[in-house]
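Q: Following this line is query-v9.cif, made up of mmCIF, N, CA and C atoms:
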data_run
#
loop_
_atom_site.label_atom_id
_atom_site.label_comp_id
_atom_site.auth_asym_id
_atom_site.auth_seq_id
_atom_site.Cartn_x
_atom_site.Cartn_y
_atom_site.Cartn_z
N MET I 1026 35.34 96.38 87.36
CA MET I 1026 33.92 96.57 87.18
C MET I 1026 33.51 96.00 85.82
N THR I 1027 32.42 95.23 85.81
CA THR I 1027 31.95 94.61 84.58
C THR I 1027 30.94 95.52 83.88
N ASP I 1028 31.11 95.62 82.57
CA ASP I 1028 30.17 96.44 81.79
C ASP I 1028 28.82 95.76 81.68
N LYS I 1029 27.79 96.57 81.57
CA LYS I 1029 26.44 96.09 81.31
C LYS I 1029 26.26 96.06 79.80
N ILE I 1030 25.78 94.92 79.28
CA ILE I 1030 25.63 94.73 77.84
C ILE I 1030 24.15 94.53 77.50
N ALA I 1031 23.63 95.35 76.59
CA ALA I 1031 22.26 95.20 76.11
C ALA I 1031 22.22 94.09 75.06
N LEU I 1032 21.17 93.27 75.10
CA LEU I 1032 21.04 92.14 74.19
C LEU I 1032 19.80 92.30 73.32
N THR I 1033 19.99 92.28 72.00
CA THR I 1033 18.88 92.31 71.06
C THR I 1033 19.19 91.31 69.95
N PRO I 1034 18.64 90.10 70.02
CA PRO I 1034 18.88 89.12 68.96
C PRO I 1034 18.32 89.60 67.62
N LYS I 1035 18.80 89.03 66.54
CA LYS I 1035 18.33 89.39 65.20
C LYS I 1035 16.83 89.11 65.02
N THR I 1036 16.29 88.20 65.82
CA THR I 1036 14.87 87.85 65.72
C THR I 1036 13.96 88.91 66.34
N HIS I 1037 14.54 89.90 67.02
CA HIS I 1037 13.76 90.89 67.75
C HIS I 1037 13.90 92.28 67.12
N THR I 1038 12.85 93.07 67.24
CA THR I 1038 12.90 94.45 66.78
C THR I 1038 13.60 95.30 67.84
N THR I 1039 14.05 96.47 67.43
CA THR I 1039 14.61 97.42 68.38
C THR I 1039 13.49 97.83 69.33
N PRO I 1040 13.72 97.82 70.64
CA PRO I 1040 12.67 98.21 71.58
C PRO I 1040 12.12 99.61 71.26
N PRO I 1041 10.82 99.82 71.48
CA PRO I 1041 10.20 101.10 71.15
C PRO I 1041 10.47 102.20 72.17
N ALA I 1042 11.11 101.88 73.26
CA ALA I 1042 11.42 102.86 74.30
C ALA I 1042 12.81 102.56 74.84
N LYS I 1043 13.25 103.28 75.86
CA LYS I 1043 14.60 103.12 76.42
C LYS I 1043 14.66 101.90 77.33
N PHE I 1044 14.62 100.70 76.74
CA PHE I 1044 14.84 99.47 77.48
C PHE I 1044 15.49 98.46 76.55
N SER I 1045 15.98 97.40 77.10
CA SER I 1045 16.62 96.34 76.32
C SER I 1045 15.83 95.05 76.47
N HIS I 1046 15.88 94.22 75.45
CA HIS I 1046 15.22 92.91 75.54
C HIS I 1046 15.89 92.05 76.60
N GLY I 1047 17.17 92.25 76.79
CA GLY I 1047 17.92 91.55 77.81
C GLY I 1047 19.14 92.35 78.17
N VAL I 1048 19.63 92.15 79.39
CA VAL I 1048 20.83 92.84 79.84
C VAL I 1048 21.70 91.82 80.58
N LYS I 1049 22.99 91.85 80.25
CA LYS I 1049 23.95 90.96 80.91
C LYS I 1049 25.00 91.82 81.61
N LYS I 1050 25.29 91.47 82.83
CA LYS I 1050 26.37 92.12 83.58
C LYS I 1050 27.07 91.02 84.36
N GLY I 1051 28.35 90.83 84.04
CA GLY I 1051 29.07 89.71 84.66
C GLY I 1051 28.40 88.41 84.27
N ASN I 1052 28.07 87.60 85.28
CA ASN I 1052 27.44 86.32 84.99
C ASN I 1052 25.92 86.35 85.20
N VAL I 1053 25.35 87.55 85.33
CA VAL I 1053 23.91 87.68 85.52
C VAL I 1053 23.27 88.20 84.24
N LEU I 1054 22.19 87.54 83.82
CA LEU I 1054 21.47 87.92 82.61
C LEU I 1054 19.99 88.05 82.96
N GLN I 1055 19.42 89.22 82.71
CA GLN I 1055 17.99 89.43 82.91
C GLN I 1055 17.33 89.58 81.56
N VAL I 1056 16.37 88.70 81.30
CA VAL I 1056 15.57 88.80 80.08
C VAL I 1056 14.32 89.61 80.43
N ALA I 1057 14.10 90.70 79.70
CA ALA I 1057 12.90 91.51 79.91
C ALA I 1057 11.67 90.72 79.51
N GLY I 1058 10.52 91.17 79.95
CA GLY I 1058 9.27 90.50 79.59
C GLY I 1058 9.14 90.35 78.09
N GLN I 1059 8.94 89.12 77.66
CA GLN I 1059 8.79 88.81 76.24
C GLN I 1059 7.37 88.31 75.98
N VAL I 1060 6.87 88.63 74.81
CA VAL I 1060 5.55 88.17 74.40
C VAL I 1060 5.70 87.34 73.14
N GLY I 1061 4.59 86.85 72.62
CA GLY I 1061 4.61 85.94 71.48
C GLY I 1061 4.65 86.60 70.12
N PHE I 1062 5.50 87.61 69.94
CA PHE I 1062 5.66 88.20 68.62
C PHE I 1062 6.49 87.27 67.74
N LEU I 1063 6.07 87.15 66.48
CA LEU I 1063 6.83 86.38 65.50
C LEU I 1063 8.18 87.05 65.27
N PRO I 1064 9.17 86.32 64.74
CA PRO I 1064 10.47 86.95 64.46
C PRO I 1064 10.31 88.20 63.61
N ALA I 1065 11.15 89.17 63.90
CA ALA I 1065 11.07 90.48 63.23
C ALA I 1065 11.35 90.35 61.74
N GLU I 1066 10.58 91.12 60.97
CA GLU I 1066 10.81 91.25 59.53
C GLU I 1066 10.86 92.74 59.21
N GLU I 1067 11.84 93.12 58.41
CA GLU I 1067 12.01 94.53 58.03
C GLU I 1067 10.72 95.08 57.43
N GLY I 1068 10.28 96.22 57.94
CA GLY I 1068 9.10 96.88 57.40
C GLY I 1068 7.76 96.36 57.91
N ARG I 1069 7.79 95.33 58.74
CA ARG I 1069 6.55 94.79 59.28
C ARG I 1069 6.48 95.09 60.77
N PRO I 1070 5.36 95.61 61.25
CA PRO I 1070 5.25 95.86 62.69
C PRO I 1070 5.24 94.54 63.46
N PRO I 1071 5.56 94.56 64.75
CA PRO I 1071 5.50 93.33 65.55
C PRO I 1071 4.13 92.65 65.41
N THR I 1072 4.18 91.36 65.09
CA THR I 1072 2.96 90.59 64.83
C THR I 1072 2.89 89.41 65.78
N PRO I 1073 1.78 89.29 66.54
CA PRO I 1073 1.67 88.17 67.47
C PRO I 1073 1.51 86.84 66.75
N ALA I 1074 2.08 85.79 67.32
CA ALA I 1074 1.79 84.43 66.88
C ALA I 1074 0.36 84.15 67.31
N GLY I 1075 -0.17 83.09 66.79
CA GLY I 1075 -1.47 82.74 67.34
C GLY I 1075 -2.56 82.74 66.30
N PRO I 1076 -3.72 82.80 66.83
CA PRO I 1076 -4.19 83.45 68.05
C PRO I 1076 -4.26 82.56 69.29
N THR I 1077 -3.85 81.28 69.19
CA THR I 1077 -4.05 80.39 70.33
C THR I 1077 -3.02 80.63 71.43
N LEU I 1078 -3.39 80.26 72.63
CA LEU I 1078 -2.47 80.35 73.77
C LEU I 1078 -1.24 79.48 73.53
N ARG I 1079 -1.42 78.31 72.97
CA ARG I 1079 -0.29 77.41 72.70
C ARG I 1079 0.71 78.07 71.74
N GLU I 1080 0.22 78.63 70.64
CA GLU I 1080 1.11 79.27 69.67
C GLU I 1080 1.85 80.44 70.31
N GLN I 1081 1.14 81.25 71.07
CA GLN I 1081 1.78 82.40 71.70
C GLN I 1081 2.76 81.98 72.78
N THR I 1082 2.44 80.94 73.55
CA THR I 1082 3.35 80.48 74.60
C THR I 1082 4.64 79.94 74.00
N LEU I 1083 4.52 79.11 72.98
CA LEU I 1083 5.72 78.54 72.36
C LEU I 1083 6.58 79.62 71.70
N GLN I 1084 5.94 80.63 71.08
CA GLN I 1084 6.70 81.72 70.48
C GLN I 1084 7.36 82.57 71.55
N THR I 1085 6.66 82.80 72.66
CA THR I 1085 7.23 83.56 73.77
C THR I 1085 8.45 82.85 74.32
N LEU I 1086 8.36 81.54 74.52
CA LEU I 1086 9.51 80.77 75.00
C LEU I 1086 10.66 80.82 74.00
N ALA I 1087 10.36 80.77 72.71
CA ALA I 1087 11.41 80.88 71.68
C ALA I 1087 12.07 82.26 71.74
N ASN I 1088 11.28 83.30 71.99
CA ASN I 1088 11.84 84.65 72.08
C ASN I 1088 12.73 84.81 73.30
N VAL I 1089 12.32 84.23 74.42
CA VAL I 1089 13.16 84.26 75.63
C VAL I 1089 14.46 83.50 75.37
N ARG I 1090 14.33 82.33 74.78
CA ARG I 1090 15.52 81.50 74.50
C ARG I 1090 16.52 82.23 73.61
N ALA I 1091 16.01 82.97 72.61
CA ALA I 1091 16.90 83.73 71.71
C ALA I 1091 17.73 84.73 72.49
N ILE I 1092 17.14 85.37 73.48
CA ILE I 1092 17.88 86.35 74.28
C ILE I 1092 18.87 85.65 75.20
N LEU I 1093 18.44 84.55 75.81
CA LEU I 1093 19.38 83.77 76.64
C LEU I 1093 20.60 83.39 75.80
N GLU I 1094 20.37 82.86 74.61
CA GLU I 1094 21.48 82.43 73.75
C GLU I 1094 22.35 83.61 73.32
N GLU I 1095 21.73 84.75 73.04
CA GLU I 1095 22.48 85.95 72.67
C GLU I 1095 23.45 86.34 73.78
N GLY I 1096 23.06 86.06 75.02
CA GLY I 1096 23.90 86.38 76.17
C GLY I 1096 24.78 85.24 76.62
N GLY I 1097 24.82 84.15 75.85
CA GLY I 1097 25.67 83.01 76.19
C GLY I 1097 25.08 82.09 77.24
N ALA I 1098 23.78 82.14 77.41
CA ALA I 1098 23.12 81.33 78.44
C ALA I 1098 22.20 80.30 77.78
N SER I 1099 21.68 79.41 78.62
CA SER I 1099 20.70 78.42 78.18
C SER I 1099 19.62 78.33 79.25
N TRP I 1100 18.61 77.51 78.98
CA TRP I 1100 17.56 77.33 79.98
C TRP I 1100 18.12 76.78 81.29
N ASP I 1101 19.20 76.01 81.23
CA ASP I 1101 19.79 75.47 82.46
C ASP I 1101 20.37 76.56 83.35
N ASP I 1102 20.62 77.74 82.79
CA ASP I 1102 21.12 78.87 83.58
C ASP I 1102 19.99 79.68 84.23
N ALA I 1103 18.75 79.38 83.84
CA ALA I 1103 17.60 80.12 84.37
C ALA I 1103 17.42 79.82 85.85
N MET I 1104 17.36 80.88 86.64
CA MET I 1104 17.13 80.75 88.08
C MET I 1104 15.67 81.03 88.44
N MET I 1105 15.06 81.96 87.70
CA MET I 1105 13.68 82.37 87.99
C MET I 1105 12.97 82.67 86.68
N ILE I 1106 11.79 82.10 86.53
CA ILE I 1106 10.93 82.37 85.38
C ILE I 1106 9.63 82.95 85.92
N ARG I 1107 9.25 84.09 85.36
CA ARG I 1107 7.96 84.70 85.75
C ARG I 1107 7.06 84.70 84.53
N VAL I 1108 5.87 84.16 84.72
CA VAL I 1108 4.88 84.06 83.66
C VAL I 1108 3.70 84.95 84.03
N TYR I 1109 3.27 85.75 83.08
CA TYR I 1109 2.13 86.65 83.28
C TYR I 1109 1.05 86.27 82.27
N LEU I 1110 -0.14 85.99 82.77
CA LEU I 1110 -1.27 85.60 81.93
C LEU I 1110 -2.37 86.65 82.00
N THR I 1111 -3.16 86.72 80.95
CA THR I 1111 -4.29 87.66 80.96
C THR I 1111 -5.58 87.00 81.46
N GLU I 1112 -5.59 85.66 81.54
CA GLU I 1112 -6.79 84.93 81.95
C GLU I 1112 -6.44 83.85 82.96
N VAL I 1113 -7.14 83.83 84.09
CA VAL I 1113 -6.90 82.81 85.10
C VAL I 1113 -7.21 81.41 84.55
N ASP I 1114 -8.14 81.33 83.61
CA ASP I 1114 -8.50 80.03 83.02
C ASP I 1114 -7.38 79.42 82.19
N HIS I 1115 -6.31 80.15 81.93
CA HIS I 1115 -5.21 79.65 81.11
C HIS I 1115 -4.13 78.91 81.91
N PHE I 1116 -4.22 78.93 83.24
CA PHE I 1116 -3.20 78.30 84.08
C PHE I 1116 -2.92 76.85 83.68
N ALA I 1117 -3.94 76.02 83.62
CA ALA I 1117 -3.74 74.59 83.37
C ALA I 1117 -3.09 74.35 82.01
N GLU I 1118 -3.56 75.05 80.97
CA GLU I 1118 -3.00 74.85 79.64
C GLU I 1118 -1.55 75.32 79.58
N VAL I 1119 -1.25 76.46 80.19
CA VAL I 1119 0.13 76.95 80.19
C VAL I 1119 1.03 75.98 80.94
N ASN I 1120 0.59 75.46 82.06
CA ASN I 1120 1.41 74.49 82.80
C ASN I 1120 1.70 73.25 81.95
N GLN I 1121 0.72 72.79 81.21
CA GLN I 1121 0.90 71.62 80.35
C GLN I 1121 1.93 71.94 79.24
N ILE I 1122 1.78 73.08 78.59
CA ILE I 1122 2.71 73.50 77.52
C ILE I 1122 4.11 73.68 78.09
N TYR I 1123 4.20 74.36 79.24
CA TYR I 1123 5.47 74.64 79.93
C TYR I 1123 6.19 73.34 80.27
N ASN I 1124 5.48 72.40 80.88
CA ASN I 1124 6.10 71.13 81.27
C ASN I 1124 6.60 70.35 80.07
N ALA I 1125 5.80 70.27 79.01
CA ALA I 1125 6.20 69.54 77.80
C ALA I 1125 7.39 70.23 77.14
N TYR I 1126 7.37 71.55 77.08
CA TYR I 1126 8.46 72.30 76.46
C TYR I 1126 9.78 72.03 77.17
N PHE I 1127 9.79 72.15 78.49
CA PHE I 1127 11.04 71.97 79.22
C PHE I 1127 11.50 70.52 79.27
N GLU I 1128 10.58 69.59 79.18
CA GLU I 1128 10.96 68.18 79.06
C GLU I 1128 11.67 67.98 77.72
N GLU I 1129 11.11 68.56 76.66
CA GLU I 1129 11.72 68.48 75.32
C GLU I 1129 13.09 69.15 75.28
N GLN I 1130 13.26 70.24 76.03
CA GLN I 1130 14.53 70.97 76.08
C GLN I 1130 15.59 70.24 76.90
N GLY I 1131 15.18 69.23 77.65
CA GLY I 1131 16.12 68.48 78.48
C GLY I 1131 16.59 69.26 79.70
N LEU I 1132 15.74 70.14 80.21
CA LEU I 1132 16.09 70.94 81.38
C LEU I 1132 16.40 70.01 82.55
N THR I 1133 17.60 70.16 83.12
CA THR I 1133 18.03 69.24 84.17
C THR I 1133 17.48 69.59 85.54
N THR I 1134 17.51 70.85 85.91
CA THR I 1134 16.99 71.29 87.21
C THR I 1134 16.02 72.44 86.96
N PRO I 1135 14.74 72.23 87.26
CA PRO I 1135 13.77 73.31 87.01
C PRO I 1135 14.09 74.55 87.84
N PRO I 1136 13.93 75.73 87.22
CA PRO I 1136 14.15 76.97 87.96
C PRO I 1136 12.95 77.26 88.86
N ALA I 1137 13.12 78.22 89.73
CA ALA I 1137 11.97 78.73 90.48
C ALA I 1137 11.05 79.38 89.45
N ALA I 1138 9.76 79.41 89.75
CA ALA I 1138 8.82 80.00 88.80
C ALA I 1138 7.66 80.64 89.55
N ARG I 1139 7.05 81.61 88.89
CA ARG I 1139 5.90 82.31 89.45
C ARG I 1139 4.98 82.66 88.30
N THR I 1140 3.69 82.44 88.47
CA THR I 1140 2.71 82.83 87.46
C THR I 1140 1.73 83.80 88.09
N THR I 1141 1.47 84.88 87.39
CA THR I 1141 0.58 85.94 87.84
C THR I 1141 -0.44 86.21 86.74
N VAL I 1142 -1.64 86.54 87.13
CA VAL I 1142 -2.65 86.95 86.16
C VAL I 1142 -2.79 88.46 86.24
N TYR I 1143 -2.69 89.12 85.10
CA TYR I 1143 -2.90 90.56 85.06
C TYR I 1143 -3.42 90.93 83.68
N VAL I 1144 -3.92 92.12 83.54
CA VAL I 1144 -4.56 92.50 82.28
C VAL I 1144 -3.79 93.58 81.53
N GLY I 1145 -2.51 93.72 81.81
CA GLY I 1145 -1.73 94.81 81.24
C GLY I 1145 -1.13 94.57 79.88
N LEU I 1146 -1.43 93.46 79.21
CA LEU I 1146 -0.84 93.21 77.89
C LEU I 1146 -1.66 93.88 76.79
N PRO I 1147 -0.99 94.27 75.70
CA PRO I 1147 -1.73 94.84 74.57
C PRO I 1147 -2.77 93.85 74.03
N ALA I 1148 -3.80 94.37 73.41
CA ALA I 1148 -4.88 93.55 72.88
C ALA I 1148 -4.35 92.41 72.01
N GLY I 1149 -4.90 91.23 72.22
CA GLY I 1149 -4.53 90.06 71.44
C GLY I 1149 -3.40 89.24 72.01
N LEU I 1150 -2.64 89.80 72.96
CA LEU I 1150 -1.54 89.06 73.58
C LEU I 1150 -2.04 88.39 74.85
N LEU I 1151 -1.65 87.13 75.04
CA LEU I 1151 -2.19 86.32 76.14
C LEU I 1151 -1.18 85.98 77.22
N ILE I 1152 0.12 86.13 76.92
CA ILE I 1152 1.15 85.68 77.85
C ILE I 1152 2.41 86.54 77.70
N GLU I 1153 3.10 86.72 78.82
CA GLU I 1153 4.41 87.38 78.84
C GLU I 1153 5.29 86.59 79.79
N ILE I 1154 6.58 86.48 79.46
CA ILE I 1154 7.52 85.72 80.30
C ILE I 1154 8.80 86.52 80.43
N ASP I 1155 9.33 86.60 81.67
CA ASP I 1155 10.68 87.13 81.87
C ASP I 1155 11.50 86.13 82.66
N VAL I 1156 12.82 86.23 82.52
CA VAL I 1156 13.72 85.23 83.11
C VAL I 1156 14.95 85.91 83.70
N LEU I 1157 15.37 85.44 84.86
CA LEU I 1157 16.64 85.80 85.45
C LEU I 1157 17.54 84.58 85.35
N ALA I 1158 18.71 84.75 84.73
CA ALA I 1158 19.66 83.66 84.57
C ALA I 1158 21.01 84.04 85.17
N VAL I 1159 21.70 83.04 85.69
CA VAL I 1159 23.05 83.20 86.20
C VAL I 1159 23.94 82.20 85.49
N LEU I 1160 24.94 82.68 84.76
CA LEU I 1160 25.82 81.82 83.99
C LEU I 1160 26.96 81.30 84.85
N GLY I 1161 27.36 80.09 84.50
CA GLY I 1161 28.53 79.53 85.17
C GLY I 1161 28.19 78.87 86.37
#
Show this structure as structure tokens.
A:
Amino acid sequence: MTDKIALTPKTHTTPPAKFSHGVKKGNVLQVAGQVGFLPAEEGRPPTPAGPTLREQTLQTLANVRAILEEGGASWDDAMMIRVYLTEVDHFAEVNQIYNAYFEEQGLTTPPAARTTVYVGLPAGLLIEIDVLAVLG
């Protein structure tokens, strides 16, 4: 039986409740929903990047990537990416940022993806992303 390992990169704060930023078990890695918070600094509360959608999206992708790397994975291991937006009008811009980002990352085979619009993010946050990755 493989142990379940909680993942918290140095760039992230300790979660405020009983959850992990990412969990790895065997060759499966689930990244919890990440938002565009800047890297953690001692004594400073989580601070969003931005205020633009582009800044928050790129920071969110960087935060997801940090967890993937902490678990020994890369974007090429991503099987499913879920994107949550607070505004339906942001679809086109996010798709443009997303496509350019993954082209720059050299992603060989795009993962499955889903984008949903919902209003459940804290004030000022525009995007959340979670990822399911399978290593090997």
Q: Apply the PyMOL selection byres ((chain I and resi 1050) around 6.5) to the displayed file and report the matching residues as a list of chain:residue names.
A: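 Going through the file, the PyMOL selection byres ((chain I and resi 1050) around 6.5) ends up selecting I:Thr1027, I:Asp1028, I:Lys1029, I:Ile1030, I:Val1048, I:Lys1049, I:Gly1051, I:Asn1052, I:Val1053, I:Leu1054, I:Gln1055.
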Q: Could you check the closest approach to I:Pro1135 for each of I:Met1104, I:His1046, I:Thr1036, I:Arg1079 and tell me which residue wins, using all atoms listed in the file?
A: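 The shortest atom-to-atom distance to I:Pro1135 comes from I:Met1104.
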Q: Looking at all atoms listed in the file, which of I:Ile1106, I:Leu1151, I:Val1089, I:Ile1122 is the one that sits closest to I:Arg1139?
A: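 Of I:Ile1106, I:Leu1151, I:Val1089, I:Ile1122, the one nearest I:Arg1139, counting all atoms listed in the file, is I:Ile1106.
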Q: So how many Å separate atom CA of I:Gly1096 and atom CA of I:Phe1044, to one decimal?
A: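 These two atoms are separated by 16.0 Å.
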Q: For a test of reading the model, state the distance in Å between atom CA of I:Thr1111 and atom C of I:Gln1081, rounded to one decimal.
A: 12.2 Å
Q: Restricting the calculation to only N, CA and C atoms: of I:Ser1099, I:Gln1130, I:Gln1084, I:Thr1038, which residue gets closest to I:Leu1160?
A: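 Residue with the minimum atom-to-atom distance to I:Leu1160: I:Ser1099.
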Q: Name the residues of stretch 1029-1157 of chain I that fall into strand (DSSP E) according to DSSP on the backbone, using the chain letters and numbers of this document, as a PyMOL selection string.
A: chain I and resi 1029-1032+1047-1050+1053-1059+1103-1110+1137-1142+1152-1157
Q: Could you name the residues that touch stretch 1059-1074 of chain I at 8 Å or less, counting all atoms listed in the file, but leaving out those on the same chain fewer than 6 positions away, as a list of chain:residue names?
A: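 The neighbour list is I:Lys1035, I:Thr1036, I:His1037, I:Thr1038, I:Thr1039, I:His1046, I:Glu1080, I:Gln1081, I:Thr1082, I:Leu1083, I:Gln1084, I:Thr1085, I:Leu1086, I:Ala1087, I:Asn1088, I:Val1089, I:Gly1149, I:Leu1150, I:Leu1151, I:Ile1152, I:Glu1153, I:Ile1154, I:Asp1155, I:Val1156.
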Q: Quick one: distance from atom CA of I:Arg1107 to atom C of I:Ala1125 in Å, one decimal?
A: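 A separation of 16.8 Å between them.
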Q: For I:Thr1077, which residue among I:Met1105, I:Leu1032, I:Val1119, I:Val1144 is the nearest when counting only C-alpha atoms?
A: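 Going through I:Met1105, I:Leu1032, I:Val1119, I:Val1144 one by one, the smallest distance to I:Thr1077 is for I:Val1119.
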Q: Could you name the residues that touch stretch 1100-1103 of chain I at 9 Å or less, counting only C-alpha atoms, but leaving out those on the same chain fewer than 3 positions away, as a list in words?
A: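 The filter keeps Leu1054, Arg1090, Leu1093, Glu1094, Ile1106, Phe1127, Gln1130, Gly1131, Leu1132, Thr1133, Thr1134, Pro1135, Pro1136, Ala1137, Val1156, Leu1157, Ala1158, Val1159, Leu1160 and Gly1161 of chain I.
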Q: Closest to I:Val1108 among I:Gly1075, I:Ser1045, I:Gly1145, I:Gly1058, using only C-alpha atoms?
A: I:Gly1058
Q: From a DSSP pass on the backbone, collect the residues of stretch 1119-1149 of chain I flagged as alpha helix (DSSP H) and hand them back as a PyMOL selection string.
A: chain I and resi 1119-1130
Q: Do you know which residues are at most 6 Å from I:Tyr1143 counting all atoms listed in the file, after dropping those on the same chain fewer than 5 positions away, and could you put them as a PDB file with N, CA and C atoms, keeping the file's coordinate frame?
A:
ATOM      1  N   TYR I1109       3.270  85.750  83.080  1.00  0.00           N
ATOM      2  CA  TYR I1109       2.130  86.650  83.280  1.00  0.00           C
ATOM      3  C   TYR I1109       1.050  86.270  82.270  1.00  0.00           C
ATOM      4  N   LEU I1110      -0.140  85.990  82.770  1.00  0.00           N
ATOM      5  CA  LEU I1110      -1.270  85.600  81.930  1.00  0.00           C
ATOM      6  C   LEU I1110      -2.370  86.650  82.000  1.00  0.00           C
ATOM      7  N   THR I1111      -3.160  86.720  80.950  1.00  0.00           N
ATOM      8  CA  THR I1111      -4.290  87.660  80.960  1.00  0.00           C
ATOM      9  C   THR I1111      -5.580  87.000  81.460  1.00  0.00           C
ATOM     10  N   GLU I1112      -5.590  85.660  81.540  1.00  0.00           N
ATOM     11  CA  GLU I1112      -6.790  84.930  81.950  1.00  0.00           C
ATOM     12  C   GLU I1112      -6.440  83.850  82.960  1.00  0.00           C
TER      13      GLU I1112
END
Q: Might I get the box with edges along x, y and z of the file that holds all atoms of stretch 1152-1159 of chain I listed there, padded by 6 Å on every side, given as centre and edge lengths in Å to one decimal, as lines of an AutoDock Vina configuration file?
A:
center_x = 12.0
center_y = 84.8
center_z = 81.6
size_x = 35.8
size_y = 17.2
size_z = 21.3
Q: How would stretch 1120-1136 of chain I look with N, CA, C and O atoms restored, written as a short mmCIF file (atom, residue, chain, number, x, y, z; two decimals), in the coordinates of the input?
A:
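After the write, result18.cif holds the following:
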data_model
loop_
_atom_site.label_atom_id
_atom_site.label_comp_id
_atom_site.auth_asym_id
_atom_site.auth_seq_id
_atom_site.Cartn_x
_atom_site.Cartn_y
_atom_site.Cartn_z
N ASN I 1120 0.59 75.46 82.06
CA ASN I 1120 1.41 74.49 82.80
C ASN I 1120 1.70 73.25 81.95
O ASN I 1120 2.82 72.74 81.96
N GLN I 1121 0.72 72.79 81.21
CA GLN I 1121 0.90 71.62 80.35
C GLN I 1121 1.93 71.94 79.24
O GLN I 1121 2.84 71.16 79.00
N ILE I 1122 1.78 73.08 78.59
CA ILE I 1122 2.71 73.50 77.52
C ILE I 1122 4.11 73.68 78.09
O ILE I 1122 5.10 73.22 77.52
N TYR I 1123 4.20 74.36 79.24
CA TYR I 1123 5.47 74.64 79.93
C TYR I 1123 6.19 73.34 80.27
O TYR I 1123 7.38 73.18 79.97
N ASN I 1124 5.48 72.40 80.88
CA ASN I 1124 6.10 71.13 81.27
C ASN I 1124 6.60 70.35 80.07
O ASN I 1124 7.72 69.82 80.07
N ALA I 1125 5.80 70.27 79.01
CA ALA I 1125 6.20 69.54 77.80
C ALA I 1125 7.39 70.23 77.14
O ALA I 1125 8.34 69.56 76.69
N TYR I 1126 7.37 71.55 77.08
CA TYR I 1126 8.46 72.30 76.46
C TYR I 1126 9.78 72.03 77.17
O TYR I 1126 10.79 71.72 76.54
N PHE I 1127 9.79 72.15 78.49
CA PHE I 1127 11.04 71.97 79.22
C PHE I 1127 11.50 70.52 79.27
O PHE I 1127 12.69 70.25 79.33
N GLU I 1128 10.58 69.59 79.18
CA GLU I 1128 10.96 68.18 79.06
C GLU I 1128 11.67 67.98 77.72
O GLU I 1128 12.72 67.34 77.64
N GLU I 1129 11.11 68.56 76.66
CA GLU I 1129 11.72 68.48 75.32
C GLU I 1129 13.09 69.15 75.28
O GLU I 1129 13.99 68.71 74.59
N GLN I 1130 13.26 70.24 76.03
CA GLN I 1130 14.53 70.97 76.08
C GLN I 1130 15.59 70.24 76.90
O GLN I 1130 16.74 70.62 76.89
N GLY I 1131 15.18 69.23 77.65
CA GLY I 1131 16.12 68.48 78.48
C GLY I 1131 16.59 69.26 79.70
O GLY I 1131 17.71 69.06 80.17
N LEU I 1132 15.74 70.14 80.21
CA LEU I 1132 16.09 70.94 81.38
C LEU I 1132 16.40 70.01 82.55
O LEU I 1132 15.59 69.17 82.92
N THR I 1133 17.60 70.16 83.12
CA THR I 1133 18.03 69.24 84.17
C THR I 1133 17.48 69.59 85.54
O THR I 1133 17.03 68.72 86.27
N THR I 1134 17.51 70.85 85.91
CA THR I 1134 16.99 71.29 87.21
C THR I 1134 16.02 72.44 86.96
O THR I 1134 16.42 73.51 86.50
N PRO I 1135 14.74 72.23 87.26
CA PRO I 1135 13.77 73.31 87.01
C PRO I 1135 14.09 74.55 87.84
O PRO I 1135 14.48 74.46 88.99
N PRO I 1136 13.93 75.73 87.22
CA PRO I 1136 14.15 76.97 87.96
C PRO I 1136 12.95 77.26 88.86
O PRO I 1136 11.90 76.62 88.74
#
